[in-house]
file data37.cif (mmCIF, N, CA and C atoms)
data_entry
loop_
_atom_site.label_atom_id
_atom_site.label_comp_id
_atom_site.auth_asym_id
_atom_site.auth_seq_id
_atom_site.Cartn_x
_atom_site.Cartn_y
_atom_site.Cartn_z
N MET L 1 23.98 9.80 -51.74
CA MET L 1 22.61 9.46 -51.45
C MET L 1 21.88 10.71 -50.97
N LYS L 2 20.71 10.94 -51.49
CA LYS L 2 19.89 12.09 -51.13
C LYS L 2 19.09 11.78 -49.87
N GLN L 3 19.09 12.73 -48.94
CA GLN L 3 18.35 12.59 -47.68
C GLN L 3 17.16 13.54 -47.69
N THR L 4 16.21 13.29 -46.82
CA THR L 4 15.02 14.12 -46.72
C THR L 4 14.85 14.59 -45.29
N LEU L 5 14.44 15.85 -45.13
CA LEU L 5 14.15 16.44 -43.83
C LEU L 5 12.66 16.76 -43.80
N THR L 6 12.00 16.37 -42.73
CA THR L 6 10.57 16.65 -42.59
C THR L 6 10.38 17.64 -41.45
N ILE L 7 9.59 18.68 -41.71
CA ILE L 7 9.27 19.67 -40.69
C ILE L 7 7.76 19.67 -40.48
N ASP L 8 7.35 19.45 -39.25
CA ASP L 8 5.93 19.49 -38.92
C ASP L 8 5.54 20.93 -38.61
N TYR L 9 4.44 21.39 -39.19
CA TYR L 9 3.94 22.74 -38.93
C TYR L 9 2.44 22.74 -39.18
N GLY L 10 1.79 23.72 -38.60
CA GLY L 10 0.34 23.82 -38.75
C GLY L 10 -0.03 24.90 -39.76
N ASP L 11 -1.30 24.93 -40.06
CA ASP L 11 -1.81 25.95 -40.98
C ASP L 11 -1.57 27.36 -40.46
N ASP L 12 -1.46 27.49 -39.13
CA ASP L 12 -1.23 28.81 -38.54
C ASP L 12 0.09 29.41 -39.01
N VAL L 13 1.08 28.57 -39.25
CA VAL L 13 2.38 29.05 -39.75
C VAL L 13 2.20 29.60 -41.17
N LEU L 14 1.49 28.85 -41.98
CA LEU L 14 1.26 29.31 -43.36
C LEU L 14 0.46 30.61 -43.38
N LEU L 15 -0.54 30.70 -42.52
CA LEU L 15 -1.35 31.92 -42.45
C LEU L 15 -0.50 33.11 -42.00
N ALA L 16 0.33 32.89 -40.98
CA ALA L 16 1.17 33.97 -40.45
C ALA L 16 2.16 34.46 -41.51
N LEU L 17 2.67 33.54 -42.31
CA LEU L 17 3.65 33.89 -43.33
C LEU L 17 3.01 34.30 -44.65
N GLY L 18 1.76 33.95 -44.83
CA GLY L 18 1.08 34.25 -46.09
C GLY L 18 1.63 33.44 -47.24
N LEU L 19 1.98 32.19 -46.95
CA LEU L 19 2.59 31.32 -47.96
C LEU L 19 1.76 30.07 -48.18
N SER L 20 1.88 29.52 -49.37
CA SER L 20 1.30 28.21 -49.65
C SER L 20 2.28 27.16 -49.11
N PRO L 21 1.84 25.90 -48.97
CA PRO L 21 2.77 24.86 -48.53
C PRO L 21 4.00 24.76 -49.43
N LYS L 22 3.82 24.89 -50.75
CA LYS L 22 4.95 24.81 -51.67
C LYS L 22 5.91 25.98 -51.45
N GLN L 23 5.36 27.19 -51.30
CA GLN L 23 6.20 28.37 -51.06
C GLN L 23 6.97 28.24 -49.75
N PHE L 24 6.30 27.72 -48.71
CA PHE L 24 6.96 27.54 -47.42
C PHE L 24 8.12 26.54 -47.54
N LYS L 25 7.89 25.47 -48.26
CA LYS L 25 8.93 24.46 -48.44
C LYS L 25 10.16 25.08 -49.11
N GLU L 26 9.94 25.85 -50.16
CA GLU L 26 11.05 26.47 -50.89
C GLU L 26 11.78 27.49 -50.01
N GLU L 27 11.01 28.30 -49.28
CA GLU L 27 11.65 29.30 -48.42
C GLU L 27 12.43 28.64 -47.29
N ALA L 28 11.88 27.59 -46.72
CA ALA L 28 12.58 26.89 -45.64
C ALA L 28 13.91 26.32 -46.12
N LYS L 29 13.93 25.76 -47.33
CA LYS L 29 15.19 25.24 -47.88
C LYS L 29 16.22 26.35 -48.03
N ILE L 30 15.77 27.49 -48.53
CA ILE L 30 16.68 28.62 -48.73
C ILE L 30 17.18 29.14 -47.38
N LEU L 31 16.29 29.25 -46.41
CA LEU L 31 16.68 29.76 -45.09
C LEU L 31 17.71 28.86 -44.41
N VAL L 32 17.52 27.57 -44.49
CA VAL L 32 18.49 26.63 -43.90
C VAL L 32 19.83 26.78 -44.61
N ALA L 33 19.80 26.85 -45.92
CA ALA L 33 21.04 27.00 -46.69
C ALA L 33 21.76 28.30 -46.36
N ILE L 34 21.00 29.39 -46.26
CA ILE L 34 21.60 30.69 -45.94
C ILE L 34 22.22 30.68 -44.55
N LYS L 35 21.54 30.11 -43.59
CA LYS L 35 22.08 30.06 -42.23
C LYS L 35 23.36 29.24 -42.16
N LEU L 36 23.39 28.11 -42.83
CA LEU L 36 24.60 27.28 -42.84
C LEU L 36 25.75 28.00 -43.55
N TYR L 37 25.43 28.77 -44.58
CA TYR L 37 26.44 29.58 -45.26
C TYR L 37 26.93 30.68 -44.33
N GLU L 38 26.01 31.35 -43.66
CA GLU L 38 26.36 32.44 -42.74
C GLU L 38 27.29 31.94 -41.63
N LEU L 39 27.04 30.75 -41.14
CA LEU L 39 27.86 30.17 -40.07
C LEU L 39 29.19 29.63 -40.58
N GLY L 40 29.37 29.65 -41.90
CA GLY L 40 30.61 29.14 -42.47
C GLY L 40 30.67 27.63 -42.55
N ARG L 41 29.52 26.99 -42.42
CA ARG L 41 29.46 25.53 -42.45
C ARG L 41 29.36 24.99 -43.86
N LEU L 42 28.84 25.83 -44.80
CA LEU L 42 28.74 25.44 -46.20
C LEU L 42 29.29 26.57 -47.07
N SER L 43 29.90 26.20 -48.17
CA SER L 43 30.32 27.19 -49.17
C SER L 43 29.07 27.70 -49.87
N SER L 44 29.22 28.78 -50.62
CA SER L 44 28.06 29.30 -51.35
C SER L 44 27.56 28.29 -52.37
N GLY L 45 28.47 27.56 -53.00
CA GLY L 45 28.06 26.54 -53.97
C GLY L 45 27.30 25.39 -53.32
N ALA L 46 27.80 24.94 -52.16
CA ALA L 46 27.13 23.85 -51.45
C ALA L 46 25.78 24.31 -50.91
N ALA L 47 25.71 25.55 -50.44
CA ALA L 47 24.45 26.09 -49.93
C ALA L 47 23.43 26.22 -51.05
N ALA L 48 23.88 26.67 -52.21
CA ALA L 48 22.98 26.78 -53.37
C ALA L 48 22.44 25.41 -53.75
N LYS L 49 23.31 24.42 -53.70
CA LYS L 49 22.88 23.06 -54.03
C LYS L 49 21.84 22.56 -53.02
N LEU L 50 22.07 22.86 -51.73
CA LEU L 50 21.11 22.47 -50.70
C LEU L 50 19.77 23.16 -50.94
N ALA L 51 19.81 24.44 -51.32
CA ALA L 51 18.57 25.19 -51.58
C ALA L 51 17.94 24.80 -52.90
N ASP L 52 18.69 24.02 -53.70
CA ASP L 52 18.20 23.55 -55.01
C ASP L 52 17.96 24.71 -55.98
N ILE L 53 18.89 25.68 -55.94
CA ILE L 53 18.84 26.81 -56.87
C ILE L 53 20.25 27.06 -57.41
N PRO L 54 20.36 27.71 -58.56
CA PRO L 54 21.68 28.01 -59.11
C PRO L 54 22.46 28.95 -58.18
N LYS L 55 23.78 28.81 -58.15
CA LYS L 55 24.62 29.61 -57.28
C LYS L 55 24.42 31.11 -57.47
N PRO L 56 24.37 31.63 -58.71
CA PRO L 56 24.14 33.08 -58.85
C PRO L 56 22.83 33.54 -58.20
N LEU L 57 21.78 32.73 -58.30
CA LEU L 57 20.51 33.08 -57.67
C LEU L 57 20.65 33.04 -56.15
N PHE L 58 21.36 32.04 -55.63
CA PHE L 58 21.60 31.96 -54.19
C PHE L 58 22.30 33.22 -53.70
N LEU L 59 23.33 33.64 -54.41
CA LEU L 59 24.07 34.84 -54.01
C LEU L 59 23.17 36.07 -54.04
N MET L 60 22.27 36.15 -55.00
CA MET L 60 21.33 37.28 -55.06
C MET L 60 20.32 37.21 -53.92
N LYS L 61 19.89 36.00 -53.57
CA LYS L 61 18.91 35.82 -52.50
C LYS L 61 19.46 36.24 -51.14
N LEU L 62 20.78 36.17 -50.97
CA LEU L 62 21.37 36.56 -49.69
C LEU L 62 20.95 37.98 -49.30
N ALA L 63 20.93 38.88 -50.27
CA ALA L 63 20.55 40.27 -50.00
C ALA L 63 19.10 40.35 -49.53
N ASP L 64 18.24 39.49 -50.05
CA ASP L 64 16.84 39.48 -49.63
C ASP L 64 16.69 39.18 -48.14
N TYR L 65 17.68 38.49 -47.59
CA TYR L 65 17.65 38.10 -46.18
C TYR L 65 18.68 38.88 -45.36
N GLY L 66 19.14 40.01 -45.91
CA GLY L 66 20.03 40.90 -45.17
C GLY L 66 21.45 40.42 -45.00
N MET L 67 21.90 39.56 -45.90
CA MET L 67 23.26 39.05 -45.81
C MET L 67 24.09 39.54 -46.98
N ASP L 68 25.37 39.74 -46.73
CA ASP L 68 26.30 40.07 -47.80
C ASP L 68 26.68 38.80 -48.54
N ALA L 69 26.85 38.91 -49.84
CA ALA L 69 27.24 37.75 -50.64
C ALA L 69 28.68 37.34 -50.34
N PHE L 70 29.47 38.32 -49.91
CA PHE L 70 30.87 38.04 -49.63
C PHE L 70 31.15 38.36 -48.18
N GLN L 71 31.65 37.38 -47.48
CA GLN L 71 31.93 37.54 -46.06
C GLN L 71 33.44 37.67 -45.88
N LEU L 72 33.89 38.90 -45.71
CA LEU L 72 35.31 39.15 -45.52
C LEU L 72 35.57 39.55 -44.08
N THR L 73 36.68 39.06 -43.54
CA THR L 73 37.09 39.52 -42.22
C THR L 73 37.69 40.91 -42.38
N LYS L 74 37.87 41.60 -41.29
CA LYS L 74 38.46 42.93 -41.32
C LYS L 74 39.85 42.87 -41.96
N GLU L 75 40.61 41.84 -41.64
CA GLU L 75 41.96 41.67 -42.18
C GLU L 75 41.93 41.42 -43.68
N GLU L 76 41.00 40.60 -44.14
CA GLU L 76 40.88 40.33 -45.57
C GLU L 76 40.48 41.58 -46.34
N LEU L 77 39.57 42.36 -45.76
CA LEU L 77 39.14 43.59 -46.40
C LEU L 77 40.30 44.58 -46.48
N GLN L 78 41.07 44.70 -45.40
CA GLN L 78 42.22 45.60 -45.39
C GLN L 78 43.25 45.17 -46.43
N ARG L 79 43.49 43.88 -46.54
CA ARG L 79 44.45 43.36 -47.52
C ARG L 79 43.98 43.66 -48.94
N ASP L 80 42.68 43.48 -49.19
CA ASP L 80 42.13 43.78 -50.52
C ASP L 80 42.23 45.27 -50.84
N LEU L 81 41.95 46.12 -49.85
CA LEU L 81 42.06 47.57 -50.07
C LEU L 81 43.50 47.98 -50.36
N THR L 82 44.43 47.42 -49.62
CA THR L 82 45.85 47.72 -49.84
C THR L 82 46.27 47.28 -51.24
N SER L 83 45.84 46.11 -51.64
CA SER L 83 46.16 45.61 -52.97
C SER L 83 45.55 46.49 -54.05
N ALA L 84 44.30 46.90 -53.86
CA ALA L 84 43.63 47.75 -54.84
C ALA L 84 44.32 49.10 -54.98
N ARG L 85 44.76 49.66 -53.86
CA ARG L 85 45.45 50.96 -53.91
C ARG L 85 46.76 50.89 -54.69
N ARG L 86 47.41 49.75 -54.63
CA ARG L 86 48.67 49.59 -55.37
C ARG L 86 48.45 49.63 -56.87
N HIS L 87 47.25 49.30 -57.30
CA HIS L 87 46.95 49.23 -58.73
C HIS L 87 46.35 50.53 -59.28
N LEU L 88 46.19 51.52 -58.42
CA LEU L 88 45.62 52.81 -58.86
C LEU L 88 46.70 53.69 -59.47
#

call {"tool": "encode", "arguments": {"input": "data37.cif", "output": "structure tokens"}}
result
Amino acid sequence: MKQTLTIDYGDDVLLALGLSPKQFKEEAKILVAIKLYELGRLSSGAAAKLADIPKPLFLMKLADYGMDAFQLTKEELQRDLTSARRHL
């Protein structure tokens, strides 16, 4: 079942952001999805679905908001580097 979230805001928000109501709605959906992804609460696929955009576009949008598309821990990165060096 699809749910709806309503956010009350004034024209001052739109003026400050320089967005139309439609643009604000789309950006708000993306921002919520990105934050939930950043917190590890949603996968990239689930976050893309929440933002109502294709997953590749969601991954590209992460950079627009200063986020890496891939969130690796220090240990995961070290393991990947070690594995890559073995193949050189």

call {"tool": "atom_distance", "arguments": {"input": "data37.cif", "atom1": "atom CA of Ala47 of chain L", "atom2": "atom N of Ala33 of chain L"}}
result
6.2 Å

call {"tool": "atom_distance", "arguments": {"input": "data37.cif", "atom1": "atom N of Ala51 of chain L", "atom2": "atom CA of Ile30 of chain L"}}
result
5.8 Å

call {"tool": "atom_distance", "arguments": {"input": "data37.cif", "atom1": "atom CA of Gly45 of chain L", "atom2": "atom CA of Phe24 of chain L"}}
result
22.1 Å

call {"tool": "select_by_dssp", "arguments": {"input": "data37.cif", "residues": "segment 33-69 of chain L", "states": "alpha helix (DSSP H)", "output": "count of residues only"}}
result
24

call {"tool": "closest_residue", "arguments": {"input": "data37.cif", "among": "L:Ala48, L:Leu88, L:Leu5, L:Leu57", "to": "Ile34 of chain L", "atoms": "only N, CA and C atoms"}}
result
L:Ala48

call {"tool": "residues_around", "arguments": {"input": "data37.cif", "residues": "Leu59 of chain L", "least_positions_apart": "3", "cutoff": "6 Å", "atoms": "only C-alpha atoms", "output": "list in words"}}
result
Pro56, Leu62 and Ala69 of chain L

call {"tool": "write_last_selection", "arguments": {"input": "data37.cif", "atoms": "N, CA and C atoms", "output": "PDB file, keeping the file's coordinate frame"}}
result
ATOM      1  N   PRO L  56      24.370  31.630 -58.710  1.00  0.00           N
ATOM      2  CA  PRO L  56      24.140  33.080 -58.850  1.00  0.00           C
ATOM      3  C   PRO L  56      22.830  33.540 -58.200  1.00  0.00           C
ATOM      4  N   LEU L  62      20.780  36.170 -50.970  1.00  0.00           N
ATOM      5  CA  LEU L  62      21.370  36.560 -49.690  1.00  0.00           C
ATOM      6  C   LEU L  62      20.950  37.980 -49.300  1.00  0.00           C
ATOM      7  N   ALA L  69      26.850  38.910 -49.840  1.00  0.00           N
ATOM      8  CA  ALA L  69      27.240  37.750 -50.640  1.00  0.00           C
ATOM      9  C   ALA L  69      28.680  37.340 -50.340  1.00  0.00           C
TER      10      ALA L  69
END
